[in-house]
>>> print(open('input.cif').read())   # mmCIF, C-alpha atoms and all ligand atoms
data_input
#
loop_
_atom_site.group_PDB
_atom_site.id
_atom_site.type_symbol
_atom_site.label_atom_id
_atom_site.label_comp_id
_atom_site.auth_asym_id
_atom_site.auth_seq_id
_atom_site.Cartn_x
_atom_site.Cartn_y
_atom_site.Cartn_z
ATOM 1 C CA MET H 20 0.000 0.000 0.000
ATOM 2 C CA GLY H 21 3.039 2.255 0.281
ATOM 3 C CA GLN H 22 5.280 3.573 3.044
ATOM 4 C CA GLY H 23 3.732 3.933 6.490
ATOM 5 C CA HIS H 24 0.448 2.222 5.620
ATOM 6 C CA PRO H 25 -0.972 0.043 8.429
ATOM 7 C CA GLU H 26 -1.865 -2.801 6.010
ATOM 8 C CA CYS H 27 1.814 -3.705 5.680
ATOM 9 C CA PRO H 28 3.881 -6.843 4.964
ATOM 10 C CA GLU H 29 5.199 -6.781 8.549
ATOM 11 C CA ARG H 30 1.775 -7.995 9.706
ATOM 12 C CA LEU H 31 2.421 -11.460 8.315
ATOM 13 C CA ASP H 32 6.030 -11.412 9.557
ATOM 14 C CA ALA H 33 4.763 -10.688 13.080
ATOM 15 C CA ILE H 34 2.360 -13.632 12.900
ATOM 16 C CA GLU H 35 5.045 -15.923 11.518
ATOM 17 C CA ASP H 36 7.547 -14.874 14.219
ATOM 18 C CA ARG H 37 5.019 -15.491 16.966
ATOM 19 C CA LEU H 38 4.043 -18.921 15.637
ATOM 20 C CA LEU H 39 7.744 -19.845 15.579
ATOM 21 C CA SER H 40 8.655 -18.499 19.002
ATOM 22 C CA SER H 41 5.573 -19.951 20.715
ATOM 23 C CA GLY H 42 6.076 -23.398 19.192
ATOM 24 C CA VAL H 43 2.527 -23.308 17.783
ATOM 25 C CA GLY H 44 3.918 -23.349 14.264
ATOM 26 C CA ASP H 45 5.436 -26.806 14.837
ATOM 27 C CA ALA H 46 1.981 -28.309 15.266
ATOM 28 C CA LEU H 47 0.546 -26.892 12.051
ATOM 29 C CA ASP H 48 0.261 -28.326 8.554
ATOM 30 C CA ARG H 49 1.461 -25.424 6.385
ATOM 31 C CA ARG H 50 0.503 -25.021 2.759
ATOM 32 C CA GLU H 51 1.363 -22.507 0.061
ATOM 33 C CA ALA H 52 -1.522 -20.449 -1.268
ATOM 34 C CA PRO H 53 -2.282 -21.080 -4.959
ATOM 35 C CA GLN H 54 -3.703 -18.363 -7.209
ATOM 36 C CA ALA H 55 -7.488 -18.404 -7.424
ATOM 37 C CA PRO H 56 -8.881 -19.021 -10.918
ATOM 38 C CA ILE H 57 -10.664 -15.956 -12.356
ATOM 39 C CA THR H 58 -13.868 -17.977 -12.758
ATOM 40 C CA ASP H 59 -13.963 -18.549 -8.996
ATOM 41 C CA LEU H 60 -13.441 -14.839 -8.227
ATOM 42 C CA GLU H 61 -16.531 -14.265 -10.324
ATOM 43 C CA LEU H 62 -18.616 -16.335 -7.874
ATOM 44 C CA ALA H 63 -18.648 -13.164 -5.756
ATOM 45 C CA HIS H 64 -17.528 -10.375 -8.102
ATOM 46 C CA GLY H 65 -18.663 -8.880 -11.363
ATOM 47 C CA ARG H 66 -16.569 -9.676 -14.414
ATOM 48 C CA MET H 67 -15.854 -5.962 -14.897
ATOM 49 C CA HIS H 68 -14.478 -5.581 -11.367
ATOM 50 C CA VAL H 69 -11.970 -8.384 -11.899
ATOM 51 C CA ALA H 70 -11.021 -7.065 -15.334
ATOM 52 C CA SER H 71 -10.610 -3.499 -14.117
ATOM 53 C CA LEU H 72 -8.176 -4.510 -11.354
ATOM 54 C CA ARG H 73 -6.130 -6.455 -13.864
ATOM 55 C CA GLY H 74 -6.286 -3.452 -16.206
ATOM 56 C CA LEU H 75 -5.123 -1.114 -13.429
ATOM 57 C CA THR H 76 -2.174 -3.414 -12.777
ATOM 58 C CA ASP H 77 -1.190 -3.539 -16.448
ATOM 59 C CA GLY H 78 -1.548 0.232 -16.721
ATOM 60 C CA LEU H 79 0.603 0.745 -13.637
ATOM 61 C CA ARG H 80 3.363 -1.412 -15.111
ATOM 62 C CA GLU H 81 3.455 0.818 -18.185
ATOM 63 C CA GLU H 82 3.459 3.980 -16.077
ATOM 64 C CA ILE H 83 6.370 2.716 -14.001
ATOM 65 C CA GLU H 84 8.358 1.990 -17.159
ATOM 66 C CA ALA H 85 7.635 5.558 -18.230
ATOM 67 C CA GLY H 86 8.987 6.824 -14.881
ATOM 68 C CA GLY H 87 5.610 7.268 -13.177
ATOM 69 C CA PRO H 88 4.502 6.472 -9.613
ATOM 70 C CA HIS H 89 4.679 2.909 -8.237
ATOM 71 C CA HIS H 90 1.175 2.840 -6.798
ATOM 72 C CA ALA H 91 -2.269 3.268 -8.314
ATOM 73 C CA GLN H 92 -4.875 4.697 -5.951
ATOM 74 C CA VAL H 93 -8.160 2.793 -5.689
ATOM 75 C CA ASP H 94 -9.699 4.866 -2.892
ATOM 76 C CA PRO H 95 -8.161 7.344 -0.418
ATOM 77 C CA ASP H 96 -6.990 4.466 1.838
ATOM 78 C CA THR H 97 -6.272 1.819 -0.761
ATOM 79 C CA SER H 98 -3.679 1.539 -3.472
ATOM 80 C CA LEU H 99 -2.154 -1.247 -5.484
ATOM 81 C CA ASN H 100 1.347 -1.921 -6.737
ATOM 82 C CA VAL H 101 2.440 -4.346 -9.454
ATOM 83 C CA HIS H 102 2.452 -7.270 -6.992
ATOM 84 C CA THR H 103 -1.021 -6.653 -5.547
ATOM 85 C CA TRP H 104 -2.827 -8.545 -8.293
ATOM 86 C CA GLU H 105 -0.943 -11.786 -7.614
ATOM 87 C CA ALA H 106 -1.149 -11.341 -3.829
ATOM 88 C CA ALA H 107 -4.910 -10.818 -4.074
ATOM 89 C CA LEU H 108 -5.265 -13.924 -6.258
ATOM 90 C CA ARG H 109 -3.294 -15.917 -3.692
ATOM 91 C CA ALA H 110 -5.310 -14.560 -0.746
ATOM 92 C CA ALA H 111 -8.498 -15.733 -2.435
ATOM 93 C CA GLY H 112 -6.748 -18.920 -3.569
ATOM 94 C CA ALA H 113 -5.759 -19.712 0.018
ATOM 95 C CA ALA H 114 -9.397 -19.566 1.083
ATOM 96 C CA LEU H 115 -10.380 -21.850 -1.808
ATOM 97 C CA ALA H 116 -7.580 -24.368 -1.180
ATOM 98 C CA ALA H 117 -8.443 -24.378 2.521
ATOM 99 C CA THR H 118 -12.086 -25.000 1.628
ATOM 100 C CA ASP H 119 -11.112 -27.923 -0.614
ATOM 101 C CA ALA H 120 -8.878 -29.448 2.062
ATOM 102 C CA VAL H 121 -11.441 -29.071 4.840
ATOM 103 C CA ILE H 122 -14.338 -30.443 2.782
ATOM 104 C CA ALA H 123 -12.150 -33.353 1.638
ATOM 105 C CA GLY H 124 -11.511 -34.130 5.299
ATOM 106 C CA GLU H 125 -7.738 -33.658 5.002
ATOM 107 C CA LEU H 126 -7.965 -30.926 7.651
ATOM 108 C CA GLU H 127 -10.642 -30.226 10.235
ATOM 109 C CA ASN H 128 -10.129 -26.500 9.909
ATOM 110 C CA ALA H 129 -7.697 -23.956 8.462
ATOM 111 C CA PHE H 130 -6.432 -20.444 9.055
ATOM 112 C CA CYS H 131 -5.341 -18.390 6.041
ATOM 113 C CA ALA H 132 -2.568 -15.937 6.975
ATOM 114 C CA THR H 133 -3.087 -13.789 3.912
ATOM 115 C CA ARG H 134 -2.935 -10.230 2.655
ATOM 116 C CA PRO H 135 -4.639 -8.282 1.237
ATOM 117 C CA PRO H 136 -7.757 -8.674 3.407
ATOM 118 C CA GLY H 137 -11.181 -8.995 1.797
ATOM 119 C CA HIS H 138 -14.299 -8.078 3.760
ATOM 120 C CA HIS H 139 -14.663 -4.518 2.453
ATOM 121 C CA ALA H 140 -14.426 -5.636 -1.185
ATOM 122 C CA CYS H 141 -17.901 -5.325 -2.690
ATOM 123 C CA ARG H 142 -19.169 -7.185 -5.710
ATOM 124 C CA ASP H 143 -18.030 -4.388 -8.026
ATOM 125 C CA GLN H 144 -15.709 -2.252 -5.925
ATOM 126 C CA ALA H 145 -12.336 -2.503 -4.175
ATOM 127 C CA MET H 146 -12.102 -0.423 -0.998
ATOM 128 C CA GLY H 147 -10.766 -0.316 2.562
ATOM 129 C CA PHE H 148 -7.481 -2.178 1.801
ATOM 130 C CA CYS H 149 -9.493 -4.966 0.096
ATOM 131 C CA PHE H 150 -9.598 -6.071 -3.568
ATOM 132 C CA PHE H 151 -11.324 -9.469 -3.637
ATOM 133 C CA ASN H 152 -13.653 -10.714 -0.917
ATOM 134 C CA ASN H 153 -11.808 -13.883 0.074
ATOM 135 C CA VAL H 154 -14.424 -15.158 2.504
ATOM 136 C CA ALA H 155 -17.428 -14.460 0.259
ATOM 137 C CA ILE H 156 -15.674 -16.141 -2.673
ATOM 138 C CA ALA H 157 -14.889 -19.217 -0.568
ATOM 139 C CA ALA H 158 -18.428 -19.385 0.844
ATOM 140 C CA ARG H 159 -19.927 -19.299 -2.642
ATOM 141 C CA TYR H 160 -17.342 -21.837 -3.804
ATOM 142 C CA ALA H 161 -18.387 -24.243 -1.054
ATOM 143 C CA LEU H 162 -21.997 -23.889 -2.202
ATOM 144 C CA GLU H 163 -21.489 -23.902 -5.971
ATOM 145 C CA ARG H 164 -18.532 -26.242 -6.443
ATOM 146 C CA HIS H 165 -18.938 -28.575 -3.475
ATOM 147 C CA GLY H 166 -22.713 -28.661 -3.296
ATOM 148 C CA LEU H 167 -23.134 -27.538 0.309
ATOM 149 C CA LYS H 168 -26.588 -26.140 1.071
ATOM 150 C CA ARG H 169 -25.971 -23.816 4.046
ATOM 151 C CA VAL H 170 -22.809 -22.047 5.177
ATOM 152 C CA ALA H 171 -22.209 -19.330 7.764
ATOM 153 C CA ILE H 172 -19.866 -16.355 7.730
ATOM 154 C CA VAL H 173 -18.744 -14.988 11.090
ATOM 155 C CA ASP H 174 -17.049 -11.565 11.002
ATOM 156 C CA PHE H 175 -15.417 -10.222 14.188
ATOM 157 C CA ASP H 176 -13.299 -7.473 12.615
ATOM 158 C CA VAL H 177 -13.771 -4.060 14.278
ATOM 159 C CA HIS H 178 -15.020 -2.684 10.952
ATOM 160 C CA HIS H 179 -18.338 -3.629 9.389
ATOM 161 C CA GLY H 180 -17.881 -6.227 6.621
ATOM 162 C CA ASN H 181 -19.783 -4.098 4.144
ATOM 163 C CA GLY H 182 -18.335 -5.872 1.133
ATOM 164 C CA THR H 183 -19.422 -9.292 2.346
ATOM 165 C CA GLU H 184 -22.847 -7.880 3.152
ATOM 166 C CA ASN H 185 -23.053 -6.357 -0.341
ATOM 167 C CA ILE H 186 -22.314 -9.764 -1.889
ATOM 168 C CA VAL H 187 -24.333 -12.130 0.335
ATOM 169 C CA ALA H 188 -27.373 -10.055 1.426
ATOM 170 C CA GLY H 189 -30.490 -11.992 0.463
ATOM 171 C CA ASP H 190 -28.593 -15.188 -0.415
ATOM 172 C CA GLN H 191 -30.367 -17.533 2.001
ATOM 173 C CA ARG H 192 -27.703 -20.222 1.517
ATOM 174 C CA ILE H 193 -25.424 -17.995 3.611
ATOM 175 C CA LEU H 194 -25.990 -16.690 7.154
ATOM 176 C CA MET H 195 -23.679 -13.802 8.067
ATOM 177 C CA VAL H 196 -23.239 -12.806 11.701
ATOM 178 C CA SER H 197 -21.001 -9.927 12.723
ATOM 179 C CA PHE H 198 -20.277 -7.277 15.302
ATOM 180 C CA PHE H 199 -18.454 -4.060 14.592
ATOM 181 C CA GLN H 200 -17.769 -0.657 16.062
ATOM 182 C CA HIS H 201 -20.504 1.794 15.087
ATOM 183 C CA PRO H 202 -20.647 4.538 14.047
ATOM 184 C CA PHE H 203 -17.320 4.005 12.302
ATOM 185 C CA TYR H 204 -15.699 3.182 8.972
ATOM 186 C CA PRO H 205 -17.366 2.318 6.659
ATOM 187 C CA VAL H 206 -20.672 4.108 7.114
ATOM 188 C CA GLY H 207 -23.722 1.871 7.374
ATOM 189 C CA GLY H 208 -24.357 -1.568 8.758
ATOM 190 C CA ALA H 209 -26.392 -0.468 11.774
ATOM 191 C CA ARG H 210 -29.455 -2.233 10.457
ATOM 192 C CA SER H 211 -29.468 -5.728 8.997
ATOM 193 C CA MET H 212 -30.642 -5.136 5.426
ATOM 194 C CA ALA H 213 -31.673 -8.740 4.744
ATOM 195 C CA SER H 214 -32.984 -11.638 6.814
ATOM 196 C CA ASN H 215 -29.758 -13.644 6.376
ATOM 197 C CA LEU H 216 -27.689 -10.948 8.130
ATOM 198 C CA VAL H 217 -27.219 -10.556 11.884
ATOM 199 C CA ASN H 218 -25.502 -7.181 12.320
ATOM 200 C CA VAL H 219 -24.526 -6.249 15.854
ATOM 201 C CA PRO H 220 -23.274 -2.649 15.944
ATOM 202 C CA VAL H 221 -21.449 -1.765 19.172
ATOM 203 C CA PRO H 222 -20.231 1.607 20.435
ATOM 204 C CA ALA H 223 -16.576 2.548 20.757
ATOM 205 C CA TYR H 224 -14.858 1.418 23.970
ATOM 206 C CA THR H 225 -16.968 -1.734 24.250
ATOM 207 C CA LYS H 226 -15.011 -4.433 26.082
ATOM 208 C CA GLY H 227 -14.935 -8.225 26.050
ATOM 209 C CA PRO H 228 -17.664 -9.036 28.607
ATOM 210 C CA GLU H 229 -20.256 -6.970 26.723
ATOM 211 C CA VAL H 230 -19.212 -8.465 23.385
ATOM 212 C CA ARG H 231 -19.474 -11.998 24.792
ATOM 213 C CA GLU H 232 -22.976 -11.249 26.059
ATOM 214 C CA LEU H 233 -24.040 -9.910 22.644
ATOM 215 C CA ILE H 234 -22.637 -13.012 20.951
ATOM 216 C CA ASN H 235 -24.500 -15.273 23.375
ATOM 217 C CA GLN H 236 -27.747 -13.404 22.801
ATOM 218 C CA GLN H 237 -27.628 -12.530 19.111
ATOM 219 C CA TRP H 238 -25.188 -14.750 17.199
ATOM 220 C CA LEU H 239 -25.386 -18.152 18.804
ATOM 221 C CA PRO H 240 -29.166 -18.719 18.663
ATOM 222 C CA ARG H 241 -29.190 -17.825 14.961
ATOM 223 C CA LEU H 242 -26.187 -20.011 14.184
ATOM 224 C CA GLU H 243 -27.682 -22.928 16.123
ATOM 225 C CA ALA H 244 -31.015 -22.605 14.339
ATOM 226 C CA TYR H 245 -29.332 -22.298 10.911
ATOM 227 C CA ARG H 246 -27.173 -25.428 11.340
ATOM 228 C CA PRO H 247 -24.440 -24.383 8.865
ATOM 229 C CA GLU H 248 -22.617 -27.196 7.081
ATOM 230 C CA MET H 249 -19.421 -25.149 7.178
ATOM 231 C CA ILE H 250 -18.297 -21.896 8.831
ATOM 232 C CA PHE H 251 -16.097 -19.185 7.343
ATOM 233 C CA ILE H 252 -14.516 -16.595 9.613
ATOM 234 C CA SER H 253 -13.549 -13.061 8.660
ATOM 235 C CA ALA H 254 -10.893 -12.973 11.355
ATOM 236 C CA GLY H 255 -9.982 -9.357 11.979
ATOM 237 C CA PHE H 256 -8.087 -8.586 15.167
ATOM 238 C CA ASP H 257 -8.405 -4.787 15.096
ATOM 239 C CA ALA H 258 -11.044 -4.811 17.869
ATOM 240 C CA HIS H 259 -8.051 -5.433 20.196
ATOM 241 C CA ARG H 260 -7.628 -2.734 22.839
ATOM 242 C CA ASP H 261 -4.091 -1.956 21.590
ATOM 243 C CA ASP H 262 -5.143 -1.484 17.957
ATOM 244 C CA ASP H 263 -5.233 2.157 16.905
ATOM 245 C CA LEU H 264 -7.467 1.552 13.889
ATOM 246 C CA GLY H 265 -10.387 0.802 16.193
ATOM 247 C CA GLN H 266 -11.496 1.913 19.639
ATOM 248 C CA MET H 267 -12.799 -1.341 21.093
ATOM 249 C CA GLY H 268 -11.374 -3.119 24.116
ATOM 250 C CA LEU H 269 -10.956 -6.799 23.285
ATOM 251 C CA VAL H 270 -7.943 -8.830 24.425
ATOM 252 C CA GLU H 271 -6.475 -12.147 23.259
ATOM 253 C CA ALA H 272 -8.666 -14.134 25.674
ATOM 254 C CA ASP H 273 -11.757 -12.636 24.029
ATOM 255 C CA PHE H 274 -10.643 -13.781 20.579
ATOM 256 C CA ALA H 275 -10.004 -17.249 22.028
ATOM 257 C CA TRP H 276 -13.470 -17.254 23.606
ATOM 258 C CA ILE H 277 -15.157 -16.194 20.363
ATOM 259 C CA THR H 278 -13.229 -18.850 18.430
ATOM 260 C CA GLN H 279 -14.284 -21.483 20.960
ATOM 261 C CA ARG H 280 -17.962 -20.597 20.593
ATOM 262 C CA ILE H 281 -17.713 -20.754 16.794
ATOM 263 C CA LYS H 282 -15.906 -24.059 17.046
ATOM 264 C CA GLU H 283 -18.641 -25.506 19.257
ATOM 265 C CA VAL H 284 -21.254 -24.602 16.648
ATOM 266 C CA ALA H 285 -19.043 -26.156 13.975
ATOM 267 C CA MET H 286 -18.620 -29.354 15.989
ATOM 268 C CA ARG H 287 -22.380 -29.683 16.480
ATOM 269 C CA HIS H 288 -23.517 -28.887 12.950
ATOM 270 C CA SER H 289 -20.589 -28.608 10.514
ATOM 271 C CA LYS H 290 -18.369 -31.653 11.200
ATOM 272 C CA GLY H 291 -15.978 -29.105 12.728
ATOM 273 C CA ARG H 292 -15.388 -27.527 9.310
ATOM 274 C CA ILE H 293 -14.014 -23.978 9.654
ATOM 275 C CA VAL H 294 -11.996 -21.838 7.245
ATOM 276 C CA SER H 295 -10.743 -18.656 8.886
ATOM 277 C CA CYS H 296 -9.229 -15.829 6.836
ATOM 278 C CA LEU H 297 -7.199 -12.937 8.197
ATOM 279 C CA GLU H 298 -8.847 -9.537 7.796
ATOM 280 C CA GLY H 299 -7.642 -6.570 9.909
ATOM 281 C CA GLY H 300 -5.288 -6.272 12.882
ATOM 282 C CA TYR H 301 -2.700 -3.523 12.734
ATOM 283 C CA ASN H 302 -0.896 -3.414 16.073
ATOM 284 C CA LEU H 303 1.759 -5.961 15.199
ATOM 285 C CA ASN H 304 2.212 -7.353 18.715
ATOM 286 C CA ALA H 305 -1.519 -7.542 19.479
ATOM 287 C CA LEU H 306 -2.141 -9.091 16.068
ATOM 288 C CA ALA H 307 0.490 -11.792 16.554
ATOM 289 C CA LEU H 308 -0.722 -12.714 20.064
ATOM 290 C CA SER H 309 -4.372 -12.700 18.997
ATOM 291 C CA VAL H 310 -3.737 -14.914 15.963
ATOM 292 C CA GLU H 311 -1.842 -17.317 18.214
ATOM 293 C CA ALA H 312 -4.821 -17.434 20.604
ATOM 294 C CA HIS H 313 -7.204 -17.988 17.673
ATOM 295 C CA ILE H 314 -5.098 -20.796 16.208
ATOM 296 C CA ARG H 315 -4.587 -22.499 19.582
ATOM 297 C CA VAL H 316 -8.349 -22.919 19.845
ATOM 298 C CA LEU H 317 -8.779 -24.006 16.227
ATOM 299 C CA ALA H 318 -5.951 -26.563 16.541
ATOM 300 C CA ASP H 319 -6.690 -27.707 20.130
ATOM 301 C CA LEU H 320 -3.242 -26.675 21.334
HETATM 302 ZN ZN ZN H 401 -10.853 -3.911 10.170
#
>>> encode(input="input.cif", output="structure tokens")
Amino acid sequence: MGQGHPECPERLDAIEDRLLSSGVGDALDRREAPQAPITDLELAHGRMHVASLRGLTDGLREEIEAGGPHHAQVDPDTSLNVHTWEAALRAAGAALAATDAVIAGELENAFCATRPPGHHACRDQAMGFCFFNNVAIAARYALERHGLKRVAIVDFDVHHGNGTENIVAGDQRILMVSFFQHPFYPVGGARSMASNLVNVPVPAYTKGPEVRELINQQWLPRLEAYRPEMIFISAGFDAHRDDDLGQMGLVEADFAWITQRIKEVAMRHSKGRIVSCLEGGYNLNALALSVEAHIRVLADL
């Protein structure tokens, strides 16, 4: 994204370092992320959106050769460089490969440590550091290519997953539950605009106990009643109290608790099948510790 941008490569380095130093990494089955086929991106995005991002990338390459800038601006917060296209294909591809592996029974669940994130990417628009909606693509892929009938998306990023909502609203094969700081970036989300959405807006400075209560009251009954065959997680860790991009007060133990509740639903209804994809989380230390806590629950460590 350019110098000084919070959505930086060091985020994945911090996660990797923590998995190494904690020993958690030794217990994991690690896989490289393949590039998603264009036809699978189009399960959640318009053909023109995919083509325009590729066009922007090609145009940027020509501009750089002509001595121009190394980034193309997509919105005030979001820019791409010549490597973004491939990274975005691999972020989506990770979610798809994880979905394949989990449905095949090779893995019970998977965490995709990927950038760029995806949950602000709308059907026809890149925004908020996001280009392709990794989780929405994978959810549709599970339905369309693997024949599942009902899947759930759980989004605990501090920001509203407006892109996912844009793509899945009204698609009754998908139940999306989320909480997010409100009012906040991006505008909207306060009301659930379709019956398959459970939006839980929370004010700034909300802490773990209140969030847990809201999850118990508003997410879990809907998830239990829906009986998803598989669960996708938009795993953003920017609701952490140390994260400057949000003003909520969660700590690592809260992310572990949330993961445990999701896992219990998955064990009851989804054969344990979970694919979790990294979204936000910009304080490097808090991100690394929170991802470790999340993975420890997923992997029973
Ligand atoms: Zn976020």
>>> atom_distance(input="input.cif", atom1="CA of Val154 in chain H", atom2="CA of Gly21 in chain H")
24.8 Å
>>> atom_distance(input="input.cif", atom1="CA of Arg134 in chain H", atom2="CA of Tyr301 in chain H")
12.1 Å
>>> residues_around(input="input.cif", residues="range 204-206 of chain H", least_positions_apart="5", cutoff="8 Å", atoms="only C-alpha atoms", output="list in words")
His178, His179 and Asn181 of chain H
>>> residues_near_point(input="input.cif", point="(-18.8, -23.4, 3.8)", cutoff="6 Å", atoms="all atoms listed in the file", output="JSON list (two decimals) with C-alpha atoms, keeping the file's coordinate frame")
[["chain", "number", "residue", "atom", "x", "y", "z"],
["H", 158, "ALA", "CA", -18.43, -19.39, 0.84],
["H", 161, "ALA", "CA", -18.39, -24.24, -1.05],
["H", 170, "VAL", "CA", -22.81, -22.05, 5.18],
["H", 249, "MET", "CA", -19.42, -25.15, 7.18],
["H", 250, "ILE", "CA", -18.30, -21.90, 8.83]]
>>> closest_atom_pairs(input="input.cif", of="range 30-70 of chain H", to="range 98-108 of chain H", cutoff="8 Å", atoms="only C-alpha atoms", output="CSV")
residue,atom,partner,partner_atom,distance
H:Pro53,CA,H:Leu108,CA,7.9
H:Gln54,CA,H:Leu108,CA,4.8
H:Ala55,CA,H:Leu108,CA,5.1
H:Pro56,CA,H:Leu108,CA,7.8
>>> closest_residue(input="input.cif", among="H:Gly207, H:Pro222, H:Arg292, H:Leu303", to="Arg37 in chain H", atoms="all atoms listed in the file")
H:Leu303
>>> residues_around(input="input.cif", residues="Ala110 in chain H", least_positions_apart="3", cutoff="12 Å", atoms="only C-alpha atoms", output="PDB file with C-alpha atoms, in the frame of the given file")
ATOM      1  CA  GLU H  51       1.363 -22.507   0.061  1.00  0.00           C
ATOM      2  CA  ALA H  52      -1.522 -20.449  -1.268  1.00  0.00           C
ATOM      3  CA  PRO H  53      -2.282 -21.080  -4.959  1.00  0.00           C
ATOM      4  CA  GLN H  54      -3.703 -18.363  -7.209  1.00  0.00           C
ATOM      5  CA  ALA H  55      -7.488 -18.404  -7.424  1.00  0.00           C
ATOM      6  CA  PRO H  56      -8.881 -19.021 -10.918  1.00  0.00           C
ATOM      7  CA  LEU H  60     -13.441 -14.839  -8.227  1.00  0.00           C
ATOM      8  CA  THR H 103      -1.021  -6.653  -5.547  1.00  0.00           C
ATOM      9  CA  TRP H 104      -2.827  -8.545  -8.293  1.00  0.00           C
ATOM     10  CA  GLU H 105      -0.943 -11.786  -7.614  1.00  0.00           C
ATOM     11  CA  ALA H 106      -1.149 -11.341  -3.829  1.00  0.00           C
ATOM     12  CA  ALA H 107      -4.910 -10.818  -4.074  1.00  0.00           C
ATOM     13  CA  ALA H 113      -5.759 -19.712   0.018  1.00  0.00           C
ATOM     14  CA  ALA H 114      -9.397 -19.566   1.083  1.00  0.00           C
ATOM     15  CA  LEU H 115     -10.380 -21.850  -1.808  1.00  0.00           C
ATOM     16  CA  ALA H 116      -7.580 -24.368  -1.180  1.00  0.00           C
ATOM     17  CA  ALA H 117      -8.443 -24.378   2.521  1.00  0.00           C
ATOM     18  CA  PHE H 130      -6.432 -20.444   9.055  1.00  0.00           C
ATOM     19  CA  CYS H 131      -5.341 -18.390   6.041  1.00  0.00           C
ATOM     20  CA  ALA H 132      -2.568 -15.937   6.975  1.00  0.00           C
ATOM     21  CA  THR H 133      -3.087 -13.789   3.912  1.00  0.00           C
ATOM     22  CA  ARG H 134      -2.935 -10.230   2.655  1.00  0.00           C
ATOM     23  CA  PRO H 135      -4.639  -8.282   1.237  1.00  0.00           C
ATOM     24  CA  PRO H 136      -7.757  -8.674   3.407  1.00  0.00           C
ATOM     25  CA  GLY H 137     -11.181  -8.995   1.797  1.00  0.00           C
ATOM     26  CA  HIS H 138     -14.299  -8.078   3.760  1.00  0.00           C
ATOM     27  CA  CYS H 149      -9.493  -4.966   0.096  1.00  0.00           C
ATOM     28  CA  PHE H 150      -9.598  -6.071  -3.568  1.00  0.00           C
ATOM     29  CA  PHE H 151     -11.324  -9.469  -3.637  1.00  0.00           C
ATOM     30  CA  ASN H 152     -13.653 -10.714  -0.917  1.00  0.00           C
ATOM     31  CA  ASN H 153     -11.808 -13.883   0.074  1.00  0.00           C
ATOM     32  CA  VAL H 154     -14.424 -15.158   2.504  1.00  0.00           C
ATOM     33  CA  ILE H 156     -15.674 -16.141  -2.673  1.00  0.00           C
ATOM     34  CA  ALA H 157     -14.889 -19.217  -0.568  1.00  0.00           C
ATOM     35  CA  SER H 295     -10.743 -18.656   8.886  1.00  0.00           C
ATOM     36  CA  CYS H 296      -9.229 -15.829   6.836  1.00  0.00           C
ATOM     37  CA  LEU H 297      -7.199 -12.937   8.197  1.00  0.00           C
ATOM     38  CA  GLU H 298      -8.847  -9.537   7.796  1.00  0.00           C
TER      39      GLU H 298
END
>>> closest_atom_pairs(input="input.cif", of="chain H", to="ligand ZN 401 (chain H)", cutoff="6 Å", atoms="only C-alpha atoms and all ligand atoms", output="Markdown table")
| residue | atom | partner | partner_atom | distance |
| --- | --- | --- | --- | --- |
| H:Asp176 | CA | H:ZN401 | ZN | 5.0 |
| H:Val177 | CA | H:ZN401 | ZN | 5.0 |
| H:His178 | CA | H:ZN401 | ZN | 4.4 |
| H:Gly255 | CA | H:ZN401 | ZN | 5.8 |
| H:Asp257 | CA | H:ZN401 | ZN | 5.6 |
| H:Gly299 | CA | H:ZN401 | ZN | 4.2 |
>>> closest_residue(input="input.cif", among="H:Leu320, H:Leu269, H:Ala145, H:Leu194", to="Lys168 in chain H", atoms="all atoms listed in the file")
H:Leu194
>>> decode(input="input.cif", residues="range 266-272 of chain H", atoms="N, CA, C and O atoms", output="JSON list (two decimals), in the first residue's frame")
[["chain", "number", "residue", "atom", "x", "y", "z"],
["H", 266, "GLN", "N", -11.47, 1.45, 18.25],
["H", 266, "GLN", "CA", -11.50, 1.91, 19.64],
["H", 266, "GLN", "C", -12.24, 0.94, 20.53],
["H", 266, "GLN", "O", -12.88, 1.31, 21.49],
["H", 267, "MET", "N", -12.17, -0.36, 20.21],
["H", 267, "MET", "CA", -12.80, -1.34, 21.09],
["H", 267, "MET", "C", -11.77, -1.92, 22.06],
["H", 267, "MET", "O", -10.59, -1.63, 21.95],
["H", 268, "GLY", "N", -12.25, -2.70, 23.02],
["H", 268, "GLY", "CA", -11.37, -3.12, 24.12],
["H", 268, "GLY", "C", -11.20, -4.62, 24.26],
["H", 268, "GLY", "O", -11.11, -5.12, 25.38],
["H", 269, "LEU", "N", -11.14, -5.35, 23.16],
["H", 269, "LEU", "CA", -10.96, -6.80, 23.29],
["H", 269, "LEU", "C", -9.49, -7.14, 23.57],
["H", 269, "LEU", "O", -8.59, -6.36, 23.26],
["H", 270, "VAL", "N", -9.29, -8.31, 24.18],
["H", 270, "VAL", "CA", -7.94, -8.83, 24.43],
["H", 270, "VAL", "C", -7.86, -10.24, 23.84],
["H", 270, "VAL", "O", -8.88, -10.79, 23.39],
["H", 271, "GLU", "N", -6.67, -10.84, 23.88],
["H", 271, "GLU", "CA", -6.47, -12.15, 23.26],
["H", 271, "GLU", "C", -7.49, -13.18, 23.77],
["H", 271, "GLU", "O", -7.99, -14.00, 23.01],
["H", 272, "ALA", "N", -7.75, -13.14, 25.09],
["H", 272, "ALA", "CA", -8.67, -14.13, 25.67],
["H", 272, "ALA", "C", -10.07, -14.01, 25.07],
["H", 272, "ALA", "O", -10.80, -15.01, 24.97]]
